[in-house]
Amino acid sequence: MIISIASGKGGTGKTLVATSLALALAKTRPVQLLDCDVEEPDAHILLRPSFSHRQAVSIPVPKLDEGKCSYCGKCAEVCAYNAIAVFPEHVLIFPELCHGCGACSYLCPEEALTEEDREMGILEIGQSNGVGFVHGRLNVGEAMPSPVIREVKKHINQNGLVIVDVAPGTFCPVVESVKDSDFCLLVTEPTPFGLNDLALAVDMVRKLDIPCGVVINRDGAGDNKVEEYCRERNVPILLRIPLDIEIARLYSQGITLVEGKPQWREAFVGLYSDIEQRLSARTKMGG
Amino acid sequence: MKEIVVISGKGGTGKTTIVASLAALAKSKVMVDCDVDAADLNLLLHPITQEEQEFWSGQKAVIDQEKCTQCGLCQDVCRFNAISEFQVDPISCEGCGFCYRICPDEAVVMEENLAGRWFVSETRYGPLVHARLGIAQENSGKLVATVRKQAKAIAEEQGLDLILSDGPPGIGCPVISSISGVNLAVVVTEPTLSGIHDLERVVSVCNHFNVPAMVCVNKYDLNEDNTRRIEDYCSTQSIDVAVQIPYDNVITEAMVHGLPVVEYVENGISKQIELLWEDISRRLVNK
């Protein structure tokens, strides 16, 4: 089963929920945590995994053999990203704009374009307290996180529970991370910003046809409009984590909730059973 | 005319809270919300929309089933796994057009993509340019560039001195697009290990693109050891640390009331934000 943890708004507690859910369940089953927030990956700070494998993540970008080029301009014409400009006796390639689709090298009539790897980030695999850990890190200055996310997701091991920690928002890299999940947990806070961005996230998962539930973090901090919204839109609230300066202090030190306050373990085990039951009810209804 | 952007790396550190208060404090400015994926500034500034524009960007492939002979070539060449069973998944399609170029039956059509909307609004603090990127869209950087360009045009037309920009979280495409060429990036962080990790990455992005940065620690008293670590890091990077802001739930209360915090309370935290604005103003004069 794949459970993704998303939010719309940043800083609502996705990583707090993802890491504690993973640790709480790792005692009884194989659990994997994938940190797909490759722009700002933070789960490793809380899980402190020992890494056993590290690899570069690259995309193929065009490389020109000037000797073969006839400057016909076909490559520039087919590139949807303006990554190639062709002049009468000169070709300019902008690798940072290239998405690696391969159209230019395939369609070059002179076979003057081959491909070379351009590193966009790195991927690391490790272990922490029985949790299999994979994360990606986008290199500083790179604009496109999706290729790194796709590489991280190739390491999904479907034999156990897979928890996917996701970047904030609802744009392309978030959808890349969330799609193929069996369930999406949306972590929010009871504030106008939390509500606004939760509504965007609910629209996203409904568009992807993924069942979802809400975790309200810092419960009691603001108003009750998130609850009203969840009631109206029929989105279940599966867990509440109260506004508690102690919890915030633990997080600030990189200590997970279930390690700092072991009494929370049960709540996360319960959260998982709740999700399992909802999914099996859904399967029965569907079939 | 000067342009400042508030960014953070990590989400939820208080960017929008601070921008809304700066909007209430600064004279002669236009505001722009560059967090086009989860725009929240409007919830505090209450804009009245004057103008709404569609944002068309990129293309998506569509297969004409009448013409398709199911040869499978498009599926073989697509590197984004966007085609299965002779249908294009618009969420995975990156609009490269490779399939369109190679289809022997001319069955693939490239359709223009409505990627979002942007708005020019009036608020009681001055004009606001904001946007809404569609779900799963990938052209966030271009939409950011669009709203920034619009804000600049308004500033020039109305003779305004400042463009005040609320930036997105992360370090990827929309962040790069938000910071390029600004006079100052104010990086709002929090004294958590994740906050520090993400601060270091986003400061590296500022350095990479030669954008001057200054750092503001929000909730500095949550973990004063970590606040000192942030100060030490900033001194190694020769980055000024601005006035710090204490942890106070009054920020959430102000948000619930839909007000910038400097207009909600007069004491404590509002004084700190006023000092922060003086700090930023001094830095801007020197840039």
# chains A, B, ... in the order shown; residues from 1 in each chain; ligands from 1

call {"tool": "interface_residues", "arguments": {"of": "chain B", "to": "chain A", "cutoff": "7 Å", "atoms": "only C-alpha atoms", "output": "NGL selection string"}}
result
:B and (9-13 or 37-38 or 40 or 79 or 96-98 or 135-138 or 170-173 or 191-194 or 198 or 201 or 204-205 or 208 or 222-223 or 252-253 or 255-256)

call {"tool": "write_last_selection", "arguments": {"atoms": "C-alpha atoms", "output": "PDB file, in the first residue's frame"}}
result
ATOM      1  CA  GLY B   9      13.122  27.256   1.493  1.00  0.00           C
ATOM      2  CA  LYS B  10      10.939  25.470   4.042  1.00  0.00           C
ATOM      3  CA  GLY B  11       7.220  26.141   3.839  1.00  0.00           C
ATOM      4  CA  GLY B  12       5.188  27.577   6.688  1.00  0.00           C
ATOM      5  CA  THR B  13       7.912  29.699   8.281  1.00  0.00           C
ATOM      6  CA  ASP B  37       0.707  27.399  -6.472  1.00  0.00           C
ATOM      7  CA  ALA B  38      -0.819  28.181  -3.061  1.00  0.00           C
ATOM      8  CA  ASP B  40      -2.491  33.088   0.499  1.00  0.00           C
ATOM      9  CA  ARG B  79      10.044   9.287 -21.976  1.00  0.00           C
ATOM     10  CA  CYS B  96       7.464  17.914 -25.835  1.00  0.00           C
ATOM     11  CA  GLY B  97       5.611  16.987 -29.032  1.00  0.00           C
ATOM     12  CA  PHE B  98       7.846  13.999 -29.822  1.00  0.00           C
ATOM     13  CA  ILE B 135      -3.573  21.693 -10.589  1.00  0.00           C
ATOM     14  CA  ALA B 136      -0.680  19.542 -11.851  1.00  0.00           C
ATOM     15  CA  GLN B 137       0.704  22.353 -14.009  1.00  0.00           C
ATOM     16  CA  GLU B 138       4.411  22.678 -14.548  1.00  0.00           C
ATOM     17  CA  GLY B 170      11.369  25.303  -2.167  1.00  0.00           C
ATOM     18  CA  ILE B 171      14.383  25.974  -4.384  1.00  0.00           C
ATOM     19  CA  GLY B 172      13.119  24.981  -7.850  1.00  0.00           C
ATOM     20  CA  CYS B 173      11.561  26.642 -10.854  1.00  0.00           C
ATOM     21  CA  PRO B 191      15.056  27.645  14.464  1.00  0.00           C
ATOM     22  CA  THR B 192      14.307  24.008  13.676  1.00  0.00           C
ATOM     23  CA  LEU B 193      16.834  21.591  12.166  1.00  0.00           C
ATOM     24  CA  SER B 194      14.634  21.399   9.049  1.00  0.00           C
ATOM     25  CA  ASP B 198      16.323  24.394   4.056  1.00  0.00           C
ATOM     26  CA  ARG B 201      19.851  25.332   0.468  1.00  0.00           C
ATOM     27  CA  SER B 204      22.942  28.631  -1.890  1.00  0.00           C
ATOM     28  CA  VAL B 205      20.365  29.290  -4.615  1.00  0.00           C
ATOM     29  CA  HIS B 208      24.175  30.799  -7.310  1.00  0.00           C
ATOM     30  CA  LEU B 222      11.355  28.185  20.038  1.00  0.00           C
ATOM     31  CA  ASN B 223      14.930  26.892  20.178  1.00  0.00           C
ATOM     32  CA  THR B 252      -2.553  33.010  14.034  1.00  0.00           C
ATOM     33  CA  GLU B 253      -5.255  35.123  15.718  1.00  0.00           C
ATOM     34  CA  MET B 255      -4.740  35.581  10.404  1.00  0.00           C
ATOM     35  CA  VAL B 256      -8.110  34.307  11.642  1.00  0.00           C
TER      36      VAL B 256
END

call {"tool": "residues_around", "arguments": {"residues": "Arg282 (chain B)", "least_positions_apart": "5", "cutoff": "12 Å", "atoms": "only C-alpha atoms", "output": "compact mmCIF listing (two decimals) with C-alpha atoms, in the first residue's frame"}}
result
# COMPACT_ATOMS: atom_id res chain seq x y z
CA LEU B 184 17.02 41.82 -1.97
CA MET B 214 19.27 38.79 4.42
CA ASP B 240 22.99 40.01 7.74
CA ALA B 242 17.63 41.02 10.60
CA LEU B 275 11.96 47.16 13.24
CA LEU B 276 12.36 44.44 10.60
CA TRP B 277 10.91 46.78 8.00
CA LYS B 287 21.75 48.25 -2.63

call {"tool": "atom_distance", "arguments": {"atom1": "CA of Tyr100 (chain B)", "atom2": "CA of Gly67 (chain A)"}}
result
28.9 Å

call {"tool": "atom_distance", "arguments": {"atom1": "CA of Leu22 (chain B)", "atom2": "CA of Asp248 (chain B)"}}
result
17.9 Å

call {"tool": "select_by_dssp", "arguments": {"residues": "region 17-201 of chain A", "states": "helix (DSSP H, G or I)", "output": "PyMOL selection string"}}
result
chain A and resi 17-25+43-47+74-78+95-97+103-107+146-153+172-178+192-201

call {"tool": "write_last_selection", "arguments": {"atoms": "C-alpha atoms", "output": "JSON list (two decimals), in the first residue's frame"}}
result
[["chain", "number", "residue", "atom", "x", "y", "z"],
["A", 17, "VAL", "CA", 3.34, 12.78, 10.33],
["A", 18, "ALA", "CA", 5.27, 10.80, 7.70],
["A", 19, "THR", "CA", 8.19, 9.95, 10.00],
["A", 20, "SER", "CA", 6.05, 9.02, 13.01],
["A", 21, "LEU", "CA", 3.69, 6.92, 10.90],
["A", 22, "ALA", "CA", 6.68, 5.06, 9.44],
["A", 23, "LEU", "CA", 8.34, 4.41, 12.81],
["A", 24, "ALA", "CA", 5.10, 3.40, 14.53],
["A", 25, "LEU", "CA", 4.34, 0.75, 11.89],
["A", 43, "ALA", "CA", 12.75, 13.53, 6.57],
["A", 44, "HIS", "CA", 16.36, 12.35, 6.94],
["A", 45, "ILE", "CA", 16.90, 15.00, 9.61],
["A", 46, "LEU", "CA", 14.31, 13.27, 11.80],
["A", 47, "LEU", "CA", 15.04, 9.65, 10.84],
["A", 74, "LYS", "CA", 15.33, 20.72, -37.47],
["A", 75, "CYS", "CA", 16.41, 20.26, -33.82],
["A", 76, "ALA", "CA", 15.50, 23.84, -32.88],
["A", 77, "GLU", "CA", 12.18, 23.48, -34.68],
["A", 78, "VAL", "CA", 11.17, 20.34, -32.78],
["A", 95, "PRO", "CA", 20.98, 22.10, -21.27],
["A", 96, "GLU", "CA", 19.21, 23.71, -18.29],
["A", 97, "LEU", "CA", 16.07, 24.21, -20.42],
["A", 103, "ALA", "CA", 13.05, 14.36, -29.95],
["A", 104, "CYS", "CA", 16.00, 16.39, -31.31],
["A", 105, "SER", "CA", 18.50, 13.54, -31.48],
["A", 106, "TYR", "CA", 15.92, 11.10, -32.87],
["A", 107, "LEU", "CA", 14.74, 13.49, -35.58],
["A", 146, "SER", "CA", 10.24, 15.92, -11.48],
["A", 147, "PRO", "CA", 13.06, 13.75, -12.92],
["A", 148, "VAL", "CA", 14.49, 13.32, -9.41],
["A", 149, "ILE", "CA", 11.06, 12.45, -8.02],
["A", 150, "ARG", "CA", 10.51, 9.85, -10.77],
["A", 151, "GLU", "CA", 13.85, 8.26, -9.90],
["A", 152, "VAL", "CA", 12.99, 8.10, -6.18],
["A", 153, "LYS", "CA", 9.66, 6.46, -6.99],
["A", 172, "CYS", "CA", 3.48, 19.30, -11.23],
["A", 173, "PRO", "CA", 6.08, 17.85, -8.79],
["A", 174, "VAL", "CA", 3.40, 17.34, -6.12],
["A", 175, "VAL", "CA", 1.16, 15.44, -8.53],
["A", 176, "GLU", "CA", 4.19, 13.44, -9.73],
["A", 177, "SER", "CA", 4.75, 12.38, -6.11],
["A", 178, "VAL", "CA", 1.12, 11.72, -5.17],
["A", 192, "PRO", "CA", -7.41, 30.51, 6.97],
["A", 193, "PHE", "CA", -4.16, 29.68, 5.13],
["A", 194, "GLY", "CA", -4.44, 26.03, 6.15],
["A", 195, "LEU", "CA", -8.04, 25.88, 4.94],
["A", 196, "ASN", "CA", -7.40, 27.66, 1.63],
["A", 197, "ASP", "CA", -4.53, 25.35, 0.74],
["A", 198, "LEU", "CA", -6.30, 22.22, 2.04],
["A", 199, "ALA", "CA", -9.16, 22.96, -0.36],
["A", 200, "LEU", "CA", -6.66, 23.11, -3.25],
["A", 201, "ALA", "CA", -5.12, 19.82, -2.14]]
